[in-house]
Number of protein chains: 2
Amino acid sequence: MPAKTAITPTREEDYPEWYQQVVKAADLAENSDVRGCMVIKPWGYAIWENIQRRLDAMFKQTGHENAYFPLFIPMSFLEKEAQHVEGFAKECAVVTHHRLEPDGKGGLQPAPAAKLEEPLVVRPTSETIIGATFARWVQSYRDLPILINQWANVVRWELRTRMFLRTAEFLWQEGHTVHATAEEALRETRQMLDVYAEFAEGAIAMPVIKGEKTAGERFPGAVSTFSIEAMMQDRKALQAGTSHYLGQNFAKAQEIKFQNESGAQEYAFTTSWGVSTRLVGGLIMTHADDDGLVLPAKLAPAHIVIMPIAKSDDERGVVMEYCEALRTELANQQYDGEPIRVRIDGRDSRDRKWQWIKRGVPIRLEIGPRDIAEGTLMPARRDSAERPAKLPREQFVAGAAKLLADIQQSLFDRAAKLREASTVRIDSLAEFERYFTPQNADAPEIHGGLAYSHFVDSPDMHEKLKELKATIRCVPIDADEEPGRCIFTGQPSTKRGVFAKAY
Amino acid sequence: MPAKTAITPTREEDYPEWYQQVVKAADLAENSDVRGCMVIKPWGYAIWENIQRRLDAMFKQTGHENAYFPLFIPMSFLEKEAQHVEGFAKECAVVTHHRLEPDGKGGLQPAPAAKLEEPLVVRPTSETIIGATFARWVQSYRDLPILINQWANVVRWELRTRMFLRTAEFLWQEGHTVHATAEEALRETRQMLDVYAEFAEGAIAMPVIKGEKTAGERFPGAVSTFSIEAMMQDRKALQAGTSHYLGQNFAKAQEIKFQNESGAQEYAFTTSWGVSTRLVGGLIMTHADDDGLVLPAKLAPAHIVIMPIAKSDDERGVVMEYCEALRTELANQQYDGEPIRVRIDGRDSRDRKWQWIKRGVPIRLEIGPRDIAEGTLMPARRDSAERPAKLPREQFVAGAAKLLADIQQSLFDRAAKLREASTVRIDSLAEFERYFTPQNADAPEIHGGLAYSHFVDSPDMHEKLKELKATIRCVPIDADEEPGRCIFTGQPSTKRGVFAKAY
């Protein structure tokens, strides 16, 4: 009989359903009354706030400023894009009226007299509207570079949604920059990819591969698209952030021109890059276990939760006072450049311990009169099933930041180890097919991993990938050139791509 | 001949146009390609970020947590509201389709096959969608209170827009709370009004009156609406924040019920409260002058701007190094709990000084070889036209935080003085009429102020106010009871209201 877990089903039993149950048990989000849109609950939103705060500081350190652009995009902007961009995404929320009025049957209706002359689209991304603004801002080479970021909500009408991973509305940041030269724009594109990778690995403790997308996977209109790709516990890949070098394509469509130093008019070079609330989904699927969420310390809304234990009101007063003092002492310690975040949960509830386990708080402390008398604590680590060891209070306080750093590192190491164990080099199509075919009927969702194979981008490859429900994720940036043959066509190839099933 | 000013026209010449020109000259915002929507430029957005960061900390200190709710509201939610709320606002952006497709004439159109079964409205405010969520969250008195805030964009289809003051889309925060008792909900409503007043006066340096709105000015569905009201330099009032006690009205419409301690089902009591990017408009119109923006130190994106002056490349190297060292030294000083924010503007531009004046930076330092040789600085205050005095560098550095605090206080004092000088008690209708009728044909926009008068809410009063284009702002909370007679009807009254022209 398997050990009882806080989450039912377990990852092995039903991975997709396990994910939904973790989101629910950790109080991260829930479905709303609007199709495909979620409510991000306080615990989930606090994680997003921590992500935002850290990323925002990294953007500012690299010279970017925040600004805000309209939620709506005139349809004519997309018509222009539809003409020059193949693969134009058109599933979006279309605003056609600006008033509701009684429909005469006790309800409301869009007022026919208030039909917009030109429909507006709720931004799915803002290249067009921001580009139109940049065309006004850029006159001379002296105005360049323009380095802008926007924190915003965007909407893409998705048919199949999953909380954090794919929702109709989601929160994100979108960077948009303009440069005088191709080299500078490409450097920016790669710089922001590096920022994303550093954040993913350093803060989310989620190992990622930095790579370039193949032609078919590029952002429509981009010259090249780079991404960071992570591997989830079901061995599927998650695209966790993208950075696009747009060349002069958007500048030409939007007339972003500047006078160069010799007085001639030139089209500028642009980039765009973004990450979204999808990162929270990546965090969950990288670290959560069959007892719920497991939070990397750097992004945890609370680092430590203290649960006072008392049998009488008298006892409660003493224990509470002790816990408050301990909190203050801990909050005076710094972890990761900020005060350690401590919560006291004084509720008289049998469920509270398991609530904090399911919510993934890195360290739990249950404190009763005996602990106080002995001057000891038994810190329980969320990332370890080992029985907590007793240690003197002073020792715990002095070592708390170090303990959090250990937890952060152990999560990264564990994820890196799983990825390592699930990464293969494959040099034959037969092996490739076997790799991406479920071998265990009991857990059809968990199989495969990352396959590094030689390839040449071709219809044959895409057909085979479609058949296997696998995808090419990227060509890793740091891969050495290596002669080989495409496993799909036998053609010569110099680099391996990373293949995986994917979200 | 008047002294030349950086902004044309001056406040006296054309106040509304002066406002637009300050917004433009300070690089705060500009109109976008979408009707009624603005682009908030980096300098303007940085002010908003400072507002956000400080308010967010105040909300968290008072026990609130952030969350995020859908951008869209199903039309049926508003139908329910339309039934129980008089004065239902229906000018809003209505989403009717979820796809664009080619229209066969080279353009796009909302796809007829992708018409939504139920139209969605872009949130003008979120009481309905958040209330529906709260109905799921609240079961028992143990779940209460619920103290939630959301930072979000909202859309109201406005016919006449003005940047920051009234735009179709704007950014705001909306607090939504649920309580077990009326007393607690009312206490929350008043607490948040106090938070707003403290922020407006302490951070924006904008004096406000805390008051209660009369019935006709209440938020539709509220039992009582409180607001903070500020006076702009054209003597008009600006409603700068509102806090609503909603009683059980919304709880009943949305079925927010809880089991009380004795096991019975009760409707909960709710509140909502919000401030928006309008605060930036209030900041501008409170402090800006005929040379552009004047920033209160606490919200300034840069506290000090350093402008190196050098005639040769050799000189430039030395001066630049000196300025960098000075920046570091200043940034090691704390003002208002944060490092002093310093920018160096090394551009070789004749306009740069005036650019920073127009952008309102509290302190400017021009530094050349002679200043370095002498070891002195000449700090220019944006809030004062006095010629800067020379002082030793160490003295300036040591006193910089104090100087910023002085500037913050001087702006508040100046605004308070103008309000004081423009506040009258009026006890006759004739005087009231004269007060709200322009006396100076050259500056028809600048006249009147705040009139404290006895009143009884009545059709007579509203007719007269409409005629004079004046409004009742609020009944001040801290006003003493005082017997008197309504100036419109002669009926007995116990309290004065504040009357003013208003934005």
# chains A, B, ... in the order shown; residues from 1 in each chain; ligands from 1

$ interface_residues --of "chain B" --to "chain A" --cutoff "8 Å" --atoms "only C-alpha atoms" --output "PDB file with C-alpha atoms, in the first residue's frame"
ATOM      1  CA  SER B  32      -2.162  57.273 -28.253  1.00  0.00           C
ATOM      2  CA  ASP B  33      -3.617  55.982 -31.499  1.00  0.00           C
ATOM      3  CA  VAL B  34      -6.584  54.707 -29.515  1.00  0.00           C
ATOM      4  CA  CYS B  37      -6.303  56.123 -24.173  1.00  0.00           C
ATOM      5  CA  MET B  38      -2.932  57.600 -23.253  1.00  0.00           C
ATOM      6  CA  VAL B  39       0.611  56.311 -23.381  1.00  0.00           C
ATOM      7  CA  ILE B  40       2.232  56.778 -19.981  1.00  0.00           C
ATOM      8  CA  LYS B  41       5.851  57.632 -20.730  1.00  0.00           C
ATOM      9  CA  PRO B  42       8.760  56.492 -18.526  1.00  0.00           C
ATOM     10  CA  GLY B  44       5.202  59.614 -15.766  1.00  0.00           C
ATOM     11  CA  TYR B  45       5.185  55.891 -15.131  1.00  0.00           C
ATOM     12  CA  ALA B  46       8.064  56.177 -12.663  1.00  0.00           C
ATOM     13  CA  GLU B  65      -3.291  41.069   0.387  1.00  0.00           C
ATOM     14  CA  ASN B  66      -3.118  41.515  -3.367  1.00  0.00           C
ATOM     15  CA  ALA B  67      -4.890  39.229  -5.806  1.00  0.00           C
ATOM     16  CA  TYR B  68      -5.931  39.365  -9.443  1.00  0.00           C
ATOM     17  CA  PHE B  69      -9.358  38.956 -11.005  1.00  0.00           C
ATOM     18  CA  PRO B  70     -10.475  38.708 -14.656  1.00  0.00           C
ATOM     19  CA  LEU B  71     -10.403  41.702 -16.977  1.00  0.00           C
ATOM     20  CA  PHE B  72     -13.774  40.668 -18.377  1.00  0.00           C
ATOM     21  CA  ILE B  73     -17.176  40.728 -16.751  1.00  0.00           C
ATOM     22  CA  PRO B  74     -20.031  38.670 -18.236  1.00  0.00           C
ATOM     23  CA  MET B  75     -22.923  40.887 -19.322  1.00  0.00           C
ATOM     24  CA  SER B  76     -25.309  38.901 -17.104  1.00  0.00           C
ATOM     25  CA  GLU B  79     -27.837  42.794 -15.736  1.00  0.00           C
ATOM     26  CA  LYS B  90     -23.265  51.539 -19.102  1.00  0.00           C
ATOM     27  CA  GLU B  91     -20.645  53.349 -21.191  1.00  0.00           C
ATOM     28  CA  CYS B  92     -18.083  50.590 -21.427  1.00  0.00           C
ATOM     29  CA  ALA B  93     -16.061  48.513 -23.855  1.00  0.00           C
ATOM     30  CA  VAL B  94     -18.101  45.514 -25.017  1.00  0.00           C
ATOM     31  CA  VAL B  95     -16.386  42.392 -26.369  1.00  0.00           C
ATOM     32  CA  THR B  96     -18.685  40.544 -28.747  1.00  0.00           C
ATOM     33  CA  HIS B  97     -16.380  38.337 -30.851  1.00  0.00           C
ATOM     34  CA  HIS B  98     -13.331  36.149 -30.242  1.00  0.00           C
ATOM     35  CA  ARG B  99     -11.755  36.065 -33.685  1.00  0.00           C
ATOM     36  CA  LEU B 100     -10.774  38.318 -36.579  1.00  0.00           C
ATOM     37  CA  GLU B 101     -10.882  36.982 -40.128  1.00  0.00           C
ATOM     38  CA  GLY B 107      -8.952  43.888 -44.524  1.00  0.00           C
ATOM     39  CA  LEU B 108     -10.157  42.106 -41.392  1.00  0.00           C
ATOM     40  CA  PRO B 110     -14.891  40.249 -36.483  1.00  0.00           C
ATOM     41  CA  PRO B 119     -20.993  39.598 -24.527  1.00  0.00           C
ATOM     42  CA  ILE B 129     -16.788  39.699 -10.565  1.00  0.00           C
ATOM     43  CA  ALA B 132     -19.011  36.396  -7.240  1.00  0.00           C
ATOM     44  CA  THR B 133     -15.604  35.057  -6.221  1.00  0.00           C
ATOM     45  CA  TRP B 157     -15.904  54.962 -22.221  1.00  0.00           C
ATOM     46  CA  GLU B 169      -8.397  53.293 -19.849  1.00  0.00           C
TER      47      GLU B 169
END

$ select_by_dssp --residues "stretch 121-158 of chain B" --states "alpha helix (DSSP H)" --output "mmCIF file with N, CA and C atoms, in the first residue's frame"
data_model
loop_
_atom_site.group_PDB
_atom_site.id
_atom_site.type_symbol
_atom_site.label_atom_id
_atom_site.label_comp_id
_atom_site.auth_asym_id
_atom_site.auth_seq_id
_atom_site.Cartn_x
_atom_site.Cartn_y
_atom_site.Cartn_z
ATOM 1 N N GLU B 127 -16.563 45.168 -8.630
ATOM 2 C CA GLU B 127 -17.424 44.681 -7.552
ATOM 3 C C GLU B 127 -18.148 43.379 -7.919
ATOM 4 N N THR B 128 -18.663 43.304 -9.140
ATOM 5 C CA THR B 128 -19.488 42.137 -9.477
ATOM 6 C C THR B 128 -18.660 40.863 -9.600
ATOM 7 N N ILE B 129 -17.560 40.934 -10.344
ATOM 8 C CA ILE B 129 -16.788 39.699 -10.565
ATOM 9 C C ILE B 129 -16.055 39.287 -9.282
ATOM 10 N N ILE B 130 -15.606 40.266 -8.513
ATOM 11 C CA ILE B 130 -14.938 39.916 -7.254
ATOM 12 C C ILE B 130 -15.965 39.422 -6.244
ATOM 13 N N GLY B 131 -17.132 40.048 -6.245
ATOM 14 C CA GLY B 131 -18.199 39.598 -5.343
ATOM 15 C C GLY B 131 -18.581 38.148 -5.614
ATOM 16 N N ALA B 132 -18.666 37.780 -6.887
ATOM 17 C CA ALA B 132 -19.011 36.396 -7.240
ATOM 18 C C ALA B 132 -17.945 35.435 -6.721
ATOM 19 N N THR B 133 -16.696 35.893 -6.736
ATOM 20 C CA THR B 133 -15.604 35.057 -6.221
ATOM 21 C C THR B 133 -15.690 34.953 -4.698
ATOM 22 N N PHE B 134 -15.919 36.099 -4.061
ATOM 23 C CA PHE B 134 -16.026 36.105 -2.599
ATOM 24 C C PHE B 134 -17.161 35.186 -2.128
ATOM 25 N N ALA B 135 -18.240 35.120 -2.907
ATOM 26 C CA ALA B 135 -19.361 34.254 -2.519
ATOM 27 C C ALA B 135 -18.877 32.808 -2.391
ATOM 28 N N ARG B 136 -17.891 32.424 -3.204
ATOM 29 C CA ARG B 136 -17.326 31.064 -3.089
ATOM 30 C C ARG B 136 -16.370 30.962 -1.902
ATOM 31 N N TRP B 137 -15.669 32.047 -1.608
ATOM 32 C CA TRP B 137 -14.645 31.997 -0.552
ATOM 33 C C TRP B 137 -15.235 32.040 0.858
#

$ residues_around --residues "A:Asp413" --least-positions-apart "4" --cutoff "9 Å" --atoms "only C-alpha atoms" --output "VMD selection string"
chain A and resid 205 207 408 to 409 417 to 418

$ residues_around --residues "stretch 496-502 of chain B" --least-positions-apart "4" --cutoff "6 Å" --atoms "only C-alpha atoms" --output "ChimeraX atom specification"
/B:236-238,449-454,470-475

$ residues_around --residues "A:Thr494" --least-positions-apart "5" --cutoff "10 Å" --atoms "only C-alpha atoms" --output "compact mmCIF listing (two decimals) with N, CA and C atoms, in the first residue's frame"
# COMPACT_ATOMS: atom_id res chain seq x y z
N HIS A 454 20.50 15.10 -34.21
CA HIS A 454 20.80 15.85 -35.42
C HIS A 454 19.53 15.95 -36.27
N PHE A 455 19.38 17.10 -36.92
CA PHE A 455 18.17 17.28 -37.72
C PHE A 455 18.41 18.32 -38.81
N VAL A 456 17.58 18.22 -39.84
CA VAL A 456 17.48 19.28 -40.83
C VAL A 456 15.99 19.62 -40.89
N ASP A 480 28.39 22.75 -29.17
CA ASP A 480 29.51 22.77 -30.13
C ASP A 480 29.01 22.23 -31.47
N GLU A 481 29.66 22.69 -32.51
CA GLU A 481 29.38 22.11 -33.83
C GLU A 481 29.86 20.66 -33.83
N GLU A 482 29.13 19.82 -34.49
CA GLU A 482 29.45 18.39 -34.44
C GLU A 482 28.84 17.79 -35.70
N PRO A 483 29.62 17.14 -36.53
CA PRO A 483 29.05 16.61 -37.77
C PRO A 483 28.15 15.42 -37.47
N GLY A 484 27.06 15.30 -38.23
CA GLY A 484 26.14 14.19 -38.03
C GLY A 484 25.14 14.13 -39.17
N ARG A 485 24.15 13.27 -39.01
CA ARG A 485 23.13 13.14 -40.05
C ARG A 485 21.74 13.27 -39.43
N CYS A 486 20.89 14.00 -40.10
CA CYS A 486 19.50 14.19 -39.65
C CYS A 486 18.82 12.83 -39.48

$ atom_distance --atom1 "atom CA of A:Arg419" --atom2 "atom CA of A:Arg434"
18.7 Å

$ select_by_dssp --residues "stretch 215-312 of chain A" --states "strand (DSSP E or B)" --output "PyMOL selection string"
chain A and resi 224-231+237-245+257-259+265-267+269-276+289+292+304-308

$ residues_around --residues "B:Ile344" --least-positions-apart "3" --cutoff "10 Å" --atoms "only C-alpha atoms" --output "list of chain:residue names"
B:Ala302, B:Ile304, B:Val305, B:Ile306, B:Met307, B:Pro308, B:Met320, B:Cys323, B:Glu324, B:Leu326, B:Arg327, B:Arg347, B:Leu365

$ residues_around --residues "B:Gln20" --least-positions-apart "2" --cutoff "10 Å" --atoms "only C-alpha atoms" --output "list of chain:residue names"
B:Ile7, B:Pro9, B:Tyr15, B:Pro16, B:Glu17, B:Trp18, B:Val22, B:Val23, B:Lys24, B:Ala25, B:Ala29, B:Glu30, B:Arg162, B:Met163

$ write_last_selection --atoms "N, CA and C atoms" --output "PDB file, in the first residue's frame"
ATOM      1  N   ILE B   7       6.782  77.207 -19.933  1.00  0.00           N
ATOM      2  CA  ILE B   7       5.503  76.684 -20.424  1.00  0.00           C
ATOM      3  C   ILE B   7       4.676  77.818 -21.004  1.00  0.00           C
ATOM      4  N   PRO B   9       0.862  78.303 -22.870  1.00  0.00           N
ATOM      5  CA  PRO B   9       0.566  79.500 -22.096  1.00  0.00           C
ATOM      6  C   PRO B   9       0.832  79.285 -20.603  1.00  0.00           C
ATOM      7  N   TYR B  15      -5.486  78.008 -18.340  1.00  0.00           N
ATOM      8  CA  TYR B  15      -5.152  76.932 -17.409  1.00  0.00           C
ATOM      9  C   TYR B  15      -5.250  75.534 -18.038  1.00  0.00           C
ATOM     10  N   PRO B  16      -6.345  75.211 -18.733  1.00  0.00           N
ATOM     11  CA  PRO B  16      -6.438  73.849 -19.288  1.00  0.00           C
ATOM     12  C   PRO B  16      -5.314  73.553 -20.284  1.00  0.00           C
ATOM     13  N   GLU B  17      -4.987  74.545 -21.110  1.00  0.00           N
ATOM     14  CA  GLU B  17      -3.927  74.322 -22.085  1.00  0.00           C
ATOM     15  C   GLU B  17      -2.566  74.255 -21.390  1.00  0.00           C
ATOM     16  N   TRP B  18      -2.394  75.084 -20.348  1.00  0.00           N
ATOM     17  CA  TRP B  18      -1.160  74.994 -19.551  1.00  0.00           C
ATOM     18  C   TRP B  18      -0.963  73.579 -19.041  1.00  0.00           C
ATOM     19  N   VAL B  22       2.235  71.142 -19.706  1.00  0.00           N
ATOM     20  CA  VAL B  22       3.113  70.626 -18.643  1.00  0.00           C
ATOM     21  C   VAL B  22       3.282  69.112 -18.814  1.00  0.00           C
ATOM     22  N   VAL B  23       2.175  68.431 -19.073  1.00  0.00           N
ATOM     23  CA  VAL B  23       2.236  66.969 -19.271  1.00  0.00           C
ATOM     24  C   VAL B  23       3.204  66.639 -20.398  1.00  0.00           C
ATOM     25  N   LYS B  24       3.141  67.454 -21.449  1.00  0.00           N
ATOM     26  CA  LYS B  24       4.001  67.228 -22.605  1.00  0.00           C
ATOM     27  C   LYS B  24       5.457  67.592 -22.293  1.00  0.00           C
ATOM     28  N   ALA B  25       5.656  68.764 -21.712  1.00  0.00           N
ATOM     29  CA  ALA B  25       7.018  69.245 -21.469  1.00  0.00           C
ATOM     30  C   ALA B  25       7.755  68.385 -20.439  1.00  0.00           C
ATOM     31  N   ALA B  29       3.237  61.861 -20.426  1.00  0.00           N
ATOM     32  CA  ALA B  29       2.297  61.015 -21.161  1.00  0.00           C
ATOM     33  C   ALA B  29       1.988  61.671 -22.493  1.00  0.00           C
ATOM     34  N   GLU B  30       1.371  60.914 -23.373  1.00  0.00           N
ATOM     35  CA  GLU B  30       0.916  61.489 -24.642  1.00  0.00           C
ATOM     36  C   GLU B  30      -0.315  60.730 -25.097  1.00  0.00           C
ATOM     37  N   ARG B 162      -8.985  63.781 -20.688  1.00  0.00           N
ATOM     38  CA  ARG B 162      -7.851  64.645 -20.403  1.00  0.00           C
ATOM     39  C   ARG B 162      -6.802  63.784 -19.704  1.00  0.00           C
ATOM     40  N   MET B 163      -5.571  63.850 -20.165  1.00  0.00           N
ATOM     41  CA  MET B 163      -4.571  62.908 -19.682  1.00  0.00           C
ATOM     42  C   MET B 163      -4.483  62.879 -18.159  1.00  0.00           C
TER      43      MET B 163
END

$ decode --residues "stretch 358-380 of chain B" --atoms "C-alpha atoms" --output "JSON list (two decimals), in the first residue's frame"
[["chain", "number", "residue", "atom", "x", "y", "z"],
["B", 358, "LYS", "CA", 10.33, 71.04, -16.78],
["B", 359, "ARG", "CA", 10.45, 67.50, -15.42],
["B", 360, "GLY", "CA", 10.36, 68.85, -11.89],
["B", 361, "VAL", "CA", 13.45, 67.28, -10.28],
["B", 362, "PRO", "CA", 13.68, 68.72, -6.74],
["B", 363, "ILE", "CA", 17.41, 69.58, -6.78],
["B", 364, "ARG", "CA", 19.76, 70.36, -9.67],
["B", 365, "LEU", "CA", 23.53, 70.52, -9.49],
["B", 366, "GLU", "CA", 25.63, 71.95, -12.29],
["B", 367, "ILE", "CA", 29.25, 71.05, -11.62],
["B", 368, "GLY", "CA", 32.28, 72.43, -13.44],
["B", 369, "PRO", "CA", 36.05, 72.56, -12.83],
["B", 370, "ARG", "CA", 35.76, 75.67, -10.64],
["B", 371, "ASP", "CA", 33.26, 74.02, -8.30],
["B", 372, "ILE", "CA", 35.63, 71.09, -8.02],
["B", 373, "ALA", "CA", 38.62, 73.32, -7.32],
["B", 374, "GLU", "CA", 36.69, 75.21, -4.66],
["B", 375, "GLY", "CA", 35.06, 72.12, -3.20],
["B", 376, "THR", "CA", 31.69, 73.83, -3.31],
["B", 377, "LEU", "CA", 28.27, 73.21, -4.85],
["B", 378, "MET", "CA", 25.34, 75.44, -5.84],
["B", 379, "PRO", "CA", 22.21, 73.34, -5.35],
["B", 380, "ALA", "CA", 19.22, 74.80, -7.23]]
